[in-house]
Every structure is written in structure tokens, then in C-alpha cells.
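This report refers to the structure that appears directly beneath it.
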Amino acid sequence: MLAQIGQEHYQKLHEILRLCRLNLKNYDESLIQRAFFMCYRAHEGEKRASGEPFFFHPVEVAKLLVTELPLDGVSVAAALLHDVIEDSGYTYEDISAELGAEVADIVEGLTKISEIMVNRETTEAEGFRKMLLSMVKDIRVILIKFCDRLHNMRTLDALPEHRRLRMALETRDIYAPLAHRFGLGKMRVDLENLSLKYIDPEMYEYLLKRVRLSRNERIAYLNKMIVPIKTDLEKQGFTVEVQGRAKHLYSIYNKMRLKNKEFEDIHDLYGIRVVIDTEKISDCFAVYGYITQQYPPIPQHFKDYISIPKHNGYQSLHSAIIGPQGYVIELQIRTRRMHEFAELGVAAHWRYKEKISKDDAAVDSFLKWARELIKDADSAAAFMEGFKLNLYHDEIYVFTPKGDMKILPAGATPIDFAYAIHTEIGNGCIGAKVNGKIVRLNAELKSGDRLEVITSKNQKPKADWLKIVVTHRAKLKIRAAINEERRLQIEKGRGMWDKMLSGTKKLFTANDAIRSVRKAGIRTPADLFSALANQQISSEEVIESVTNPKKSAETQDKSATPATTTQDFAEIARQVQERPFEQKDEVVIAGLSNIAYAYAKCCNPVPGDDIIGFVTTEGSVKIHRKNCLNVTNENLVKSERIVSVAWNRKLETDFLAGIRIVGEDKIGITNQITGVISKFDTNIRSISLSAKDGIFIGTLMVFVKNTAKLTTLMDKLKKVQGVFTVERMSS
Ligand code: MN
């Protein structure tokens with residue numbers, strides 16, 4: 001065997017075995033050797049996009065696994081063979097014969113995941129449902145998959161742009177959240193940072209520079225606290241490790257984007273973590289006590305994830321303290337074991353047990369989540385939504401009048417709570433008492449709230465609720481109720497229609513009626529029946545319009561909705577789309593000539609924005625900003641249809657951009673805002689303002705030449721007194 005493999009390649013086996021000795025407890029060295037040789041033979045002659053031998057990749061994945069998520073020898077063997085079935089002539093049986101069924105099963109699971117990802121015919125949702133199914137069989141499948149993805153992300157530069165972006169988006173939207181769900185804190189951070197590097201390279205570089213610039217300062221500052229804290233705690237008899245830490249790039253990025261903040265405005269960049277070598281939970285609270293005697297705590301920031309762990313199993317004490325010069329410093333306190341679980345999540349269980357069976361209670365709690373998700377969703381779309389919704393949220397703890405605790409995602413409303421108790425209670429919910437006080441249905445719940453839901457028999461779920469609720473369960477149930485309601489309406493309307501026709505000579509069909517009534521929202525027979533049932537239109541009107549089309553057209557005009565001052569974004573966007581574009585040379589679409597294109601109305605790209613195109617089913621290209629929230633969805637549905645797009649350099653056209661302003665609702669503020677815009681020499685396409693509870697929200701559609709101009713304008717708007725935030729609109 002040695003003779004067939006070059007010395008430098010053989011060296012790789014030694015590297016793997018050396019790492020195994022360092023990191024694994026019990027493993028079969030010959031199993032790993034046999035897997036290595038099979039891997040080498042299977043990929044012989046194959047090359048990666050970078051030009052190096054393909055088998056370097058499985059070797060690196062195996063090494064990552066041993067160092068990042070040390071599980072067991074079987075996993076290392078499976079990692080080495082993860083691409084074998086897919087890429088070579090080897091079968092499940094071959095692997096099973098040489099290395100046993102356990103390895104072969106895991107490799108098969110990994111192969112299924114790749115097939116799902118590559119197969120363009122399966123929708124994203126079906127694909128991920130299958131992916132979850134295969135990992136429910138053996139959790140090692142997904143853990144190896146994470147290492148595979150991590151290595152692919154680290155070597156992404158070798159791929160062409162559209163594939164880089166596709167993989168980066170998939171990593172951000174699927175793998176990083178999944179890693180988080182399984183408690184793999186370190187893996188999540190690595191995957192998120194790498195995805196940011198390719199999704200928004202400019203911002204990534206900028207943040208990297210900023211964080212590096214302040215690094216020495218930060219270390220010096222934190223050391224002023226770390227050293228005395230450590231000495232102090234050791235004097236008290238604790239064995240501790242005190243670490244300084246910085247927020248990771250992706251979370252800084254997210255905070256800046258979601259809260260529309262500048263880098264300078266992010267104050268919780270730094271933190272201190274105390275890891276105690278103890279098995280006693282009470283030590284964590286004692287340490288908290290000692291530290292806060294020296295540094296005053298900020299009580300609102302205190303979170304006890306030890307008594308109530310996060311749903312991914314994360315445990316730690318969180319707080320914020322005031323450090324020297326008054327800076328706010330995040331503080332985390334945990335035991336060594338909690339720390340390992342925070343970094344390694346479900347993979348940490350292997351540290352404490354020789355062998356993990358799939359019936360293991362701890363591992364099972366992770367799998368239970370996946371099983372429920374698979375079981376709960378009745379449609380592919382609902383499944384995907386649940387998958388995304390269930391991943392990232394912070395949690396709150398609220399209580400029923402009897403004191404039962406419900407865990408809900410942050411941002412949950414009384415409706416979410418009602419559905420969490422029972423579907424009937426959710427459907428009939430008209431209000432709620434929070435801590436004894438009546439609140440609105442869209443009130444945001446807080447940890448510790450005690451809730452009493454008020455229901456009514458006459459209540460029915462409303463479509464508006466879908467915008468208020470945050471839990472997957474509530475969305476699912478509301479949609480089901482609305483669909484059922486509509487189904488009943490259509491049935492009723494169909495009855496009315498039949499009855500109506502029985503009085504005529506049945507000279508027209510439902511489609512004739514739809515054509516002649518020409519009423520907004522009535523496009524299908526079902527629409528018509530439902531409009532009849534809820535009295536949006538009467539039988540007389542229908543008959544009248546079919547038999548006497550001219551007259552009915554007049555009444556239509558009169559009944560048209562009056563113009564309102566407030567236009568919503570969707571409406572504006574619709575009009576914008578109708579505006580004819582002179583768009584011949586605005587962008588360069590890679591590899592395609594003379595192709596029709598349009599700008600996505602969800603994000604309205606402007607020259608200067610990083611953009612990307614999607615080939616639509618009609619064959620034209622829709623251009624989005626790369627950071628548009630909708631890119632995610634479109635990308636995953638039609639992942640092979642991404643094309644790279646660049647702005648043409650000499651552009652003098654005006655582009656439409658949406659700006660959202662939130663501020664204090666005070667007299668004169670709109671004049672100030674419009675004043676700023678008119679001085680700026682920009683055309684306003686539309687402006688809409690709505691005010692509620694002392695806050696106004698304005699949406700502006702303006703014409704600008706590029707992002708530089710837009711940024712200047714937004715900076716000016718930010719300076720208007722009473723304005724809180726100014727942000728670019730996207731979907
Ligand atoms: Mn691979």
C-alpha cells in the first residue's frame with residue numbers, strides 16, 4: 001500500500017493519527033487507516049477547483065473534525081469517505097464490507113445531503129426536510145457536514161463568483177443557524193464570519209480593519225480588569241480562566257444593519273468571560289457576587305441561563321458591568337463543562353461519554369426538535385419557514401395564570417402565547433391581560449410576564465395577525481384557519497351563485513362574470529364566490545354588469561377608492577415598476593448579451609450597491625442588492641440561476657431608492673424633512689407619512705444617481721431634529 005501512495009501523501013495519514021491521539025479518547029487506529037487508503041484510491045486523479053488533489057479535501061475535513069468537534073474514530077473514518085459514494089464508483093456495500101455498516105451509514109447520510117443540495121429539481125424545503133431526516137438517524141452526519149462546509153468556506157476563493165455567493169448564502173441561512181441550534185457556538189461564529197466575507201466583502205474588510213485597529217487598545221483595557229479579577233478570585237479559592245473577548249464580525253454587522261448604527265455606536269464590542277474549574281453551579285453565582293463588588297453591574301442585563309438554559313442547551317450567567325472610565329463590559333460566567341457545551345454544543349457529549357447511542361437523552365433533546373419540525377409542517381413552504389423561524393431567536397419566559405412556564409422567542413405577542421396554549425384559544429383570542437393589565441394583541445411580551453388570554457366565541461383569526469406573530473406554530477394555525485374560512489366562504493358563495501343562475505337562463509359563466517365586473521381582487525371563480533359570500537359584491541351587481549356592461553363601468557369609476565395621502569411601499573413599488581426604464585447600458589450581466597432585466601422592487605438597487613442577478617423563469621434577469629433579504633429565498637429556490645452583475649461605470653440615470661424615516665411626531669417635522677430633500681436637488685417620487693402614539697414613520701421614494709448621493713442625503717436627514725433613524729428600505 002505504502003508503495004502506491006507518495007510519501008508526501010502518506011504523511012497526511014500521520015497528521016490525522018497524531019491529531020486523533022491528541023483529541024480522541026477511544027478509537028480504532030486501523031479503521032482510520034483503512035478509511036484513509038480507501039479515500040485515496042477513490043479520489044485518485046481527481047482535482048479540486050484550486051488544482052490540488054481532491055483527496056486533500058476529505059483529509060482536511062477529517063482533521064477539522066478531530067480538532068474542532070472531536071467525536072470518535074468512526075466519525076473520522078466517515079469524514080475521510082464523505083465524498084466517496086458521490087464522486088467515485090464506490091458503493092455503500094463497498095464501504096460497509098471494508099469498514100462496517102456504522103461508517104457506511106454515516107457516509108450514506110452525507111451523500112444524501114449533497115444530493116439534496118445539488119439536485120435542482122427538489123425545492124429547498126423538501127431538501128432540508130430530507131436533510132433533517134438523515135441527521136435524525138445519526139447526529140454525527142450533520143456534525144461532519146459542518147466540518148465539510150467549514151473547509152469549503154475556507155477554500156471558497158477557488159470558485160467562480162456566482163458559486164461562491166450561492167455557497168455563502170446557504171451557509172449563512174442554513175448551516176450557521178443549524179450550528180447554533182445544535183449549540184456549536186464556535187462553528188457558528190466561523191461559518192457566519194466566512195459567509196459575510198463573501199456576501200458583503202466590503203463591509204467585511206471594513207469591520208476587520210476597524211476591529212484590528214482597536215485590538216491593542218482593547219487588550220490593554222481589558223487586561224486592566226482581567227488581571228485583578230483573576231487574582232481576586234484565586235485568593236477566594238477559585239480556579240478560573242478569565243478571557244477577554246470581542247463580538248464577532250457578523251454579529252457587529254447584523255447589529256449595525258438591523259439597528260441602523262455606525263460602527264462607533266456599537267458599545268458592547270468587548271466582554272469578559274470567566275470559566276470556573278468547578279462542578280458546583282453555586283460557584284458561578286458566588287463569582288458574580290465577588291466581581292460585582294468591584295465593578296457595579298447593570299441589573300437589566302442580568303440573565304440567568306444556568307437555571308433556565310437556552311433551548312439549544314446553552315448555559316451561562318450573563319450580565320454587564322461598568323469598567324474603568326465608565327465603559328460597559330459584557331460579563332459571562334460559567335463552569336468549564338458549560339463552556340465546553342457552549343463551544344461544542346451537542347458534540348461536547350462525546351467528551352463525557354465513551355459512546356453515544358442515538359437513544360442518549362441529551363442528544364435526543366436536539367433531535368426531538370428536528371423531529372417535531374418535520375412532523376409539524378404540513379407543506380414544504382411552512383416547513384422552511386418553521387426551520388428559519390425556530391433557529392436564531394433569543395427566548396423569553398412567560399407564565400400562565402396557573403404558573404406554568406412557556407418559552408417563546410423574543411418579540412412574541414399575546415397571540416403567540418395563546419396558540420402556544422391551545423389552537424382554540426389562539427383562534428378565539430381578542431386580547432390579553434399581562435400582569436393584570438389589558439394589552440393590545442400586538443404587545444411585545446417580556447420575560448416574567450404573567451398572561452391571561454381573553455377569548456370570544458365570535459373571534460376569527462385575521463390575516464393581519466400573520467404580521468404580528470413570530471412563532472411558527474401560530475403562523476401555521478392562523479393560516480390554516482384563514483384557509484378554512486375562505487373555503488367555507490367559497491362554498492357559500494358557490495351556493496349563492498347557483499341559486500342566482502337558477503333565476504336566469506344560465507347564459508354566462510363565472511369567468512364571464514369576472515371579466516365584466518372588473519373589480520379589484522376578483523380574478524378567479526373562487527374570488528368571485530367569496531366576494532358574493534361576504535357581500536363585497538351582490539348578485540344584482542353581477543347580473544347587471546354582465547347584461548349591461550357599459551353602465552356598470554360608470555358605477556365602477558364612482559366606487560373607486562378615494563386617493564389617500566398615505567401610500568404604502570408596495571403600492572409605490574407597483575407604480576415604479578410601471579415607469580418605463582431607459583435601461584440599455586446600465587448594467588453588465590456576465591456571460592449574457594441582450595438579456596432583458598429589471599431591478600427588484602424589494603430593494604431598489606442604486607449604482608454603487610453590490611448587486612446580483614437572478615434569471616427568472618421568463619428568461620429575464622432580476623437584479624437585487626446582494627444584501628437584500630429576498631436574495632436568500634430566490635437564491636435557494638433557483639440556486640443555479642444566479643448571474644453576476646456589475647454596474648456600468650458611466651451612468652447618469654436617476655435611480656429610485658426607498659428611505660424609511662422614524663422619528664418623533666411633532667409639528668413641522670415633515671416640512672423640515674421635505675425641506676432637506678428639496679435643498680438637496682433631488683426629485684421626490686412620493687412621500688408618505690403615518691403617525692401613531694407620538695411616533696411617525698415616513699417612507700420616501702427619491703431619485704438619486706448613486707449610493708454616495710443617497711448616503712449624503714440620508715446623513716442630512718439624520719440630522720433633522722426629532723428624527724431617530726433613517727434607513728434604506730429593503731423588502
Ligand atoms: Mn466535501
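Here's how to read the names in the C-alpha cells: chain A, B, ... by the order shown, residue numbers from 1 in each chain, ligand numbers from 1 in the order shown.
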(request) Fewer than 4 positions away in the same chain doesn't count, so skip those; otherwise give me all residues within 9 Å of Leu233 of chain A, counting only C-alpha atoms, as a ChimeraX atom specification. (result) /A:228-229,237-240,287,290-291
(request) Within 12 Å of ligand 1, which residues show up when you count only C-alpha atoms and all ligand atoms? List them as a PyMOL selection string, please. (result) chain A and resi 39+43+48+54-62+78-87+107+110-111+113-115+117+144-153+155
(request) Write down as JSON, numbers by chain the residues belonging to segment 392-464 of chain A that are assigned alpha helix (DSSP H) by DSSP computed on the backbone. (result) {"A": [414, 415, 416, 417, 418, 419, 420, 421, 423, 424, 425, 426, 427]}
(request) Can you work out which one of A:Ile425, A:Met500, A:Leu191, A:Leu408 has the shortest atom-to-atom distance to Ser447 of chain A, counting only C-alpha atoms? (result) A:Leu408
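Closest to Gln236 of chain A among A:Val189, A:Gln459, A:Gly289, A:Lys475 is A:Gly289, based on only C-alpha atoms.
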(request) For atom CA of Leu713 of chain A and atom CA of Ser688 of chain A, quote the distance in Å rounded to one decimal. (result) 17.4 Å
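Coordinates place atom CA of Arg18 of chain A at a distance of 27.8 Å from atom CA of Ser88 of chain A.
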How close does each residue of segment 89-195 of chain A get to segment 313-330 of chain A, giving the shortest atom pair and distance in Å to one decimal for every residue with an atom at most 12 Å away, counting only C-alpha atoms, sorted by chain and residue number, as CSV?
```
residue,atom,partner,partner_atom,distance
A:His180,CA,A:Tyr314,CA,9.9
A:Arg181,CA,A:Gly313,CA,8.9
A:Phe182,CA,A:Gly313,CA,8.2
A:Gly183,CA,A:Tyr314,CA,6.5
A:Leu184,CA,A:Tyr314,CA,9.5
A:Gly185,CA,A:Tyr314,CA,9.1
```
Any chance you could export the current selection's N, CA, C and O atoms as a PDB file, in the first residue's frame?
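Once everything was written out, this is out-v4.pdb:
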```
ATOM      1  N   HIS A 180     -25.923  26.809  15.307  1.00  0.00           N
ATOM      2  CA  HIS A 180     -26.406  27.476  16.518  1.00  0.00           C
ATOM      3  C   HIS A 180     -27.424  26.612  17.242  1.00  0.00           C
ATOM      4  O   HIS A 180     -27.392  26.465  18.458  1.00  0.00           O
ATOM      5  N   ARG A 181     -28.332  26.022  16.463  1.00  0.00           N
ATOM      6  CA  ARG A 181     -29.376  25.211  17.074  1.00  0.00           C
ATOM      7  C   ARG A 181     -28.806  24.007  17.813  1.00  0.00           C
ATOM      8  O   ARG A 181     -29.332  23.578  18.826  1.00  0.00           O
ATOM      9  N   PHE A 182     -27.693  23.501  17.305  1.00  0.00           N
ATOM     10  CA  PHE A 182     -27.068  22.370  17.967  1.00  0.00           C
ATOM     11  C   PHE A 182     -26.042  22.803  19.001  1.00  0.00           C
ATOM     12  O   PHE A 182     -25.288  21.990  19.520  1.00  0.00           O
ATOM     13  N   GLY A 183     -26.035  24.101  19.287  1.00  0.00           N
ATOM     14  CA  GLY A 183     -25.183  24.615  20.354  1.00  0.00           C
ATOM     15  C   GLY A 183     -23.722  24.765  19.990  1.00  0.00           C
ATOM     16  O   GLY A 183     -22.892  25.024  20.848  1.00  0.00           O
ATOM     17  N   LEU A 184     -23.387  24.621  18.707  1.00  0.00           N
ATOM     18  CA  LEU A 184     -21.987  24.706  18.300  1.00  0.00           C
ATOM     19  C   LEU A 184     -21.578  26.169  18.119  1.00  0.00           C
ATOM     20  O   LEU A 184     -21.485  26.674  17.012  1.00  0.00           O
ATOM     21  N   GLY A 185     -21.329  26.827  19.247  1.00  0.00           N
ATOM     22  CA  GLY A 185     -21.075  28.269  19.237  1.00  0.00           C
ATOM     23  C   GLY A 185     -19.894  28.656  18.359  1.00  0.00           C
ATOM     24  O   GLY A 185     -19.958  29.624  17.603  1.00  0.00           O
TER      25      GLY A 185
END
```
(request) Tell me which of A:Gly244, A:Ser282, A:Ala513, A:Lys25 sits closest to Asn216 of chain A, counting only C-alpha atoms. (result) A:Gly244
Spatial neighbours of Arg685 of chain A, max dist 7 Å, only C-alpha atoms, sep filter under 2 positions, as an mmCIF file with all heavy atoms, in the first residue's frame:
```cif
data_model
loop_
_atom_site.group_PDB
_atom_site.id
_atom_site.type_symbol
_atom_site.label_atom_id
_atom_site.label_comp_id
_atom_site.auth_asym_id
_atom_site.auth_seq_id
_atom_site.Cartn_x
_atom_site.Cartn_y
_atom_site.Cartn_z
ATOM 1 N N ASN A 683 -35.276 64.741 -6.891
ATOM 2 C CA ASN A 683 -36.702 64.632 -7.129
ATOM 3 C C ASN A 683 -37.304 63.608 -6.192
ATOM 4 O O ASN A 683 -36.770 62.522 -6.031
ATOM 5 C CB ASN A 683 -36.961 64.214 -8.563
ATOM 6 C CG ASN A 683 -36.701 65.367 -9.496
ATOM 7 O OD1 ASN A 683 -37.022 66.520 -9.166
ATOM 8 N ND2 ASN A 683 -36.066 65.072 -10.612
ATOM 9 N N MET A 701 -39.679 57.917 -1.548
ATOM 10 C CA MET A 701 -39.058 57.323 -2.722
ATOM 11 C C MET A 701 -38.412 58.495 -3.453
ATOM 12 O O MET A 701 -39.098 59.436 -3.845
ATOM 13 C CB MET A 701 -40.103 56.636 -3.602
ATOM 14 C CG MET A 701 -40.859 55.481 -2.941
ATOM 15 S SD MET A 701 -39.838 54.127 -2.339
ATOM 16 C CE MET A 701 -39.269 53.414 -3.880
ATOM 17 N N VAL A 702 -37.105 58.460 -3.594
ATOM 18 C CA VAL A 702 -36.402 59.574 -4.223
ATOM 19 C C VAL A 702 -35.563 59.064 -5.385
ATOM 20 O O VAL A 702 -35.202 57.900 -5.443
ATOM 21 C CB VAL A 702 -35.468 60.291 -3.218
ATOM 22 C CG1 VAL A 702 -36.270 60.966 -2.133
ATOM 23 C CG2 VAL A 702 -34.455 59.330 -2.629
ATOM 24 N N PHE A 703 -35.246 59.998 -6.293
ATOM 25 C CA PHE A 703 -34.376 59.632 -7.408
ATOM 26 C C PHE A 703 -32.957 60.077 -7.104
ATOM 27 O O PHE A 703 -32.729 61.247 -6.778
ATOM 28 C CB PHE A 703 -34.867 60.290 -8.701
ATOM 29 C CG PHE A 703 -36.115 59.652 -9.215
ATOM 30 C CD1 PHE A 703 -37.342 60.299 -9.120
ATOM 31 C CD2 PHE A 703 -36.064 58.391 -9.785
ATOM 32 C CE1 PHE A 703 -38.500 59.696 -9.585
ATOM 33 C CE2 PHE A 703 -37.220 57.782 -10.255
ATOM 34 C CZ PHE A 703 -38.438 58.434 -10.147
#
```
Exercise: Glu485 of chain A partners within 12 Å, only C-alpha atoms, chain neighbours under 3 positions left out, as a tab-separated table (two decimals) with all heavy atoms, in the first residue's frame:
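Ended up saving to part.tsv:
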```tsv
chain	number	residue	atom	x	y	z
A	427	ASN	N	-57.25	30.89	18.21
A	427	ASN	CA	-58.25	31.31	17.24
A	427	ASN	C	-59.26	32.30	17.81
A	427	ASN	O	-59.75	33.18	17.12
A	427	ASN	CB	-59.02	30.09	16.70
A	427	ASN	CG	-58.16	29.28	15.72
A	427	ASN	OD1	-57.16	29.78	15.21
A	427	ASN	ND2	-58.54	28.03	15.48
A	460	LYS	N	-62.40	35.46	15.00
A	460	LYS	CA	-61.79	34.61	13.98
A	460	LYS	C	-60.39	35.12	13.70
A	460	LYS	O	-60.17	36.32	13.72
A	460	LYS	CB	-62.61	34.66	12.68
A	460	LYS	CG	-63.79	33.75	12.68
A	460	LYS	CD	-64.61	33.93	11.44
A	460	LYS	CE	-65.94	33.22	11.57
A	460	LYS	NZ	-66.99	33.88	10.79
A	461	PRO	N	-59.45	34.24	13.41
A	461	PRO	CA	-58.09	34.70	13.11
A	461	PRO	C	-58.08	35.64	11.90
A	461	PRO	O	-58.80	35.40	10.93
A	461	PRO	CB	-57.34	33.41	12.78
A	461	PRO	CG	-58.11	32.34	13.45
A	461	PRO	CD	-59.53	32.78	13.41
A	462	LYS	N	-57.29	36.67	11.99
A	462	LYS	CA	-57.22	37.67	10.91
A	462	LYS	C	-55.90	37.56	10.16
A	462	LYS	O	-54.88	37.20	10.74
A	462	LYS	CB	-57.28	39.08	11.51
A	462	LYS	CG	-58.42	39.31	12.47
A	462	LYS	CD	-59.63	39.81	11.73
A	462	LYS	CE	-60.71	40.29	12.68
A	462	LYS	NZ	-61.21	39.26	13.59
A	463	ALA	N	-55.95	37.92	8.88
A	463	ALA	CA	-54.72	37.87	8.08
A	463	ALA	C	-53.64	38.79	8.68
A	463	ALA	O	-52.45	38.49	8.64
A	463	ALA	CB	-55.01	38.29	6.65
A	478	ILE	N	-52.89	30.07	12.15
A	478	ILE	CA	-53.66	31.19	11.63
A	478	ILE	C	-53.94	30.96	10.14
A	478	ILE	O	-55.06	31.10	9.66
A	478	ILE	CB	-52.90	32.52	11.82
A	478	ILE	CG1	-52.77	32.85	13.30
A	478	ILE	CG2	-53.60	33.66	11.07
A	478	ILE	CD1	-51.78	33.95	13.61
A	479	ARG	N	-52.91	30.56	9.42
A	479	ARG	CA	-53.08	30.30	8.00
A	479	ARG	C	-54.11	29.20	7.76
A	479	ARG	O	-54.97	29.32	6.89
A	479	ARG	CB	-51.73	29.93	7.39
A	479	ARG	CG	-51.50	30.64	6.09
A	479	ARG	CD	-50.10	30.44	5.61
A	479	ARG	NE	-49.22	31.51	6.04
A	479	ARG	CZ	-47.95	31.32	6.39
A	479	ARG	NH1	-47.44	30.11	6.38
A	479	ARG	NH2	-47.22	32.34	6.72
A	480	ALA	N	-54.02	28.16	8.57
A	480	ALA	CA	-54.97	27.05	8.41
A	480	ALA	C	-56.40	27.55	8.63
A	480	ALA	O	-57.31	27.23	7.88
A	480	ALA	CB	-54.64	25.93	9.38
A	481	ALA	N	-56.59	28.39	9.67
A	481	ALA	CA	-57.93	28.90	9.99
A	481	ALA	C	-58.44	29.81	8.88
A	481	ALA	O	-59.61	29.76	8.50
A	481	ALA	CB	-57.91	29.64	11.32
A	482	ILE	N	-57.54	30.65	8.35
A	482	ILE	CA	-57.95	31.56	7.29
A	482	ILE	C	-58.32	30.78	6.03
A	482	ILE	O	-59.33	31.06	5.37
A	482	ILE	CB	-56.84	32.59	6.98
A	482	ILE	CG1	-56.73	33.57	8.14
A	482	ILE	CG2	-57.13	33.34	5.69
A	482	ILE	CD1	-55.55	34.50	8.06
A	488	LEU	N	-64.92	27.82	3.33
A	488	LEU	CA	-66.34	27.88	3.68
A	488	LEU	C	-67.05	28.99	2.91
A	488	LEU	O	-68.15	28.82	2.40
A	488	LEU	CB	-66.50	28.10	5.18
A	488	LEU	CG	-66.10	26.91	6.06
A	488	LEU	CD1	-66.18	27.28	7.53
A	488	LEU	CD2	-66.98	25.69	5.76
A	489	GLN	N	-66.36	30.15	2.83
A	489	GLN	CA	-66.92	31.29	2.10
A	489	GLN	C	-67.18	30.93	0.65
A	489	GLN	O	-68.23	31.24	0.09
A	489	GLN	CB	-65.89	32.43	2.11
A	489	GLN	CG	-65.75	33.11	3.43
A	489	GLN	CD	-66.46	34.44	3.42
A	489	GLN	OE1	-66.55	35.09	2.39
A	489	GLN	NE2	-66.99	34.83	4.56
A	490	ILE	N	-66.18	30.27	0.03
A	490	ILE	CA	-66.30	29.92	-1.38
A	490	ILE	C	-67.48	28.96	-1.57
A	490	ILE	O	-68.28	29.13	-2.48
A	490	ILE	CB	-64.99	29.30	-1.91
A	490	ILE	CG1	-63.90	30.36	-1.90
A	490	ILE	CG2	-65.17	28.72	-3.30
A	490	ILE	CD1	-62.50	29.84	-2.14
A	491	GLU	N	-67.59	28.00	-0.64
A	491	GLU	CA	-68.72	27.07	-0.69
A	491	GLU	C	-70.04	27.82	-0.65
A	491	GLU	O	-70.94	27.59	-1.46
A	491	GLU	CB	-68.66	26.09	0.51
A	491	GLU	CG	-67.72	24.93	0.30
A	491	GLU	CD	-67.94	24.25	-1.04
A	491	GLU	OE1	-69.08	23.80	-1.27
A	491	GLU	OE2	-66.99	24.20	-1.86
A	492	LYS	N	-70.11	28.76	0.30
A	492	LYS	CA	-71.34	29.53	0.47
A	492	LYS	C	-71.63	30.35	-0.79
A	492	LYS	O	-72.75	30.39	-1.29
A	492	LYS	CB	-71.16	30.46	1.69
A	492	LYS	CG	-72.41	31.21	2.11
A	492	LYS	CD	-72.13	32.01	3.39
A	492	LYS	CE	-73.16	33.12	3.56
A	492	LYS	NZ	-72.68	34.17	4.46
A	530	SER	N	-66.31	34.01	-3.20
A	530	SER	CA	-66.06	34.50	-1.86
A	530	SER	C	-66.52	35.95	-1.72
A	530	SER	O	-67.05	36.37	-0.70
A	530	SER	CB	-64.60	34.27	-1.49
A	530	SER	OG	-63.96	35.44	-1.17
A	533	ALA	N	-70.16	35.83	-1.14
A	533	ALA	CA	-70.48	35.36	0.20
A	533	ALA	C	-70.29	36.47	1.24
A	533	ALA	O	-71.11	36.62	2.14
A	533	ALA	CB	-69.65	34.14	0.55
A	534	ASN	N	-69.22	37.23	1.12
A	534	ASN	CA	-69.04	38.26	2.15
A	534	ASN	C	-69.56	39.63	1.73
A	534	ASN	O	-69.16	40.66	2.28
A	534	ASN	CB	-67.60	38.30	2.67
A	534	ASN	CG	-66.62	38.64	1.56
A	534	ASN	OD1	-66.97	39.32	0.59
A	534	ASN	ND2	-65.40	38.18	1.70
```
(request) Could you pull out the residues in segment 597-700 of chain A that DSSP calls strand (DSSP E) from the backbone, as JSON, numbers by chain? (result) {"A": [597, 598, 599, 611, 612, 613, 614, 615, 621, 622, 623, 624, 625, 642, 643, 644, 645, 646, 647, 655, 656, 657, 658, 659, 660, 661, 662, 663, 664, 684, 685, 686, 687, 688, 689, 690, 691, 692, 695, 696, 697, 698, 699, 700]}
(request) To one decimal in Å, tell me the separation between atom CA of Lys679 of chain A and atom CA of Val606 of chain A. (result)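 Spanning atom CA of Lys679 of chain A to atom CA of Val606 of chain A is a straight-line distance of 20.8 Å.
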(request) Would you list the contacts of Leu222 of chain A as a list in words, taking every protein, DNA or RNA residue within 8 Å and counting only C-alpha atoms, but skipping same-chain residues closer than 3 positions in sequence? (result) Arg218, Ile219, Met225, Ile226, Gly244 and Ile272 of chain A
(message) Can you tell me which residues surround Val631 of chain A at a distance of at most 9 Å, considering only C-alpha atoms, apart from same-chain residues fewer than 5 positions away, and format the answer as a PyMOL selection string?
(response) chain A and resi 169+612+614+624-626+636
Give me a file of those residues, with N, CA, C and O atoms, as a PDB file, in the first residue's frame.
```pdb
ATOM      1  N   LEU A 169     -24.389  32.178   0.890  1.00  0.00           N
ATOM      2  CA  LEU A 169     -25.762  32.420   1.344  1.00  0.00           C
ATOM      3  C   LEU A 169     -26.337  31.190   2.032  1.00  0.00           C
ATOM      4  O   LEU A 169     -26.987  31.278   3.070  1.00  0.00           O
ATOM      5  N   ILE A 612     -26.577  41.562  -7.660  1.00  0.00           N
ATOM      6  CA  ILE A 612     -26.519  40.187  -8.147  1.00  0.00           C
ATOM      7  C   ILE A 612     -27.792  39.937  -8.945  1.00  0.00           C
ATOM      8  O   ILE A 612     -28.808  40.557  -8.671  1.00  0.00           O
ATOM      9  N   PHE A 614     -30.760  37.320 -10.827  1.00  0.00           N
ATOM     10  CA  PHE A 614     -31.384  36.010 -10.864  1.00  0.00           C
ATOM     11  C   PHE A 614     -32.089  35.863 -12.204  1.00  0.00           C
ATOM     12  O   PHE A 614     -32.850  36.736 -12.592  1.00  0.00           O
ATOM     13  N   HIS A 624     -31.016  42.337  -7.823  1.00  0.00           N
ATOM     14  CA  HIS A 624     -31.205  42.664  -6.408  1.00  0.00           C
ATOM     15  C   HIS A 624     -29.919  43.233  -5.828  1.00  0.00           C
ATOM     16  O   HIS A 624     -28.830  42.972  -6.336  1.00  0.00           O
ATOM     17  N   ARG A 625     -30.069  43.937  -4.695  1.00  0.00           N
ATOM     18  CA  ARG A 625     -28.883  44.208  -3.899  1.00  0.00           C
ATOM     19  C   ARG A 625     -28.454  42.878  -3.279  1.00  0.00           C
ATOM     20  O   ARG A 625     -29.302  42.093  -2.884  1.00  0.00           O
ATOM     21  N   LYS A 626     -27.125  42.682  -3.169  1.00  0.00           N
ATOM     22  CA  LYS A 626     -26.663  41.411  -2.619  1.00  0.00           C
ATOM     23  C   LYS A 626     -27.154  41.198  -1.202  1.00  0.00           C
ATOM     24  O   LYS A 626     -27.370  40.086  -0.758  1.00  0.00           O
ATOM     25  N   LEU A 636     -32.190  30.336  -2.981  1.00  0.00           N
ATOM     26  CA  LEU A 636     -32.275  28.931  -2.640  1.00  0.00           C
ATOM     27  C   LEU A 636     -33.245  28.186  -3.526  1.00  0.00           C
ATOM     28  O   LEU A 636     -33.050  27.020  -3.814  1.00  0.00           O
TER      29      LEU A 636
END
```
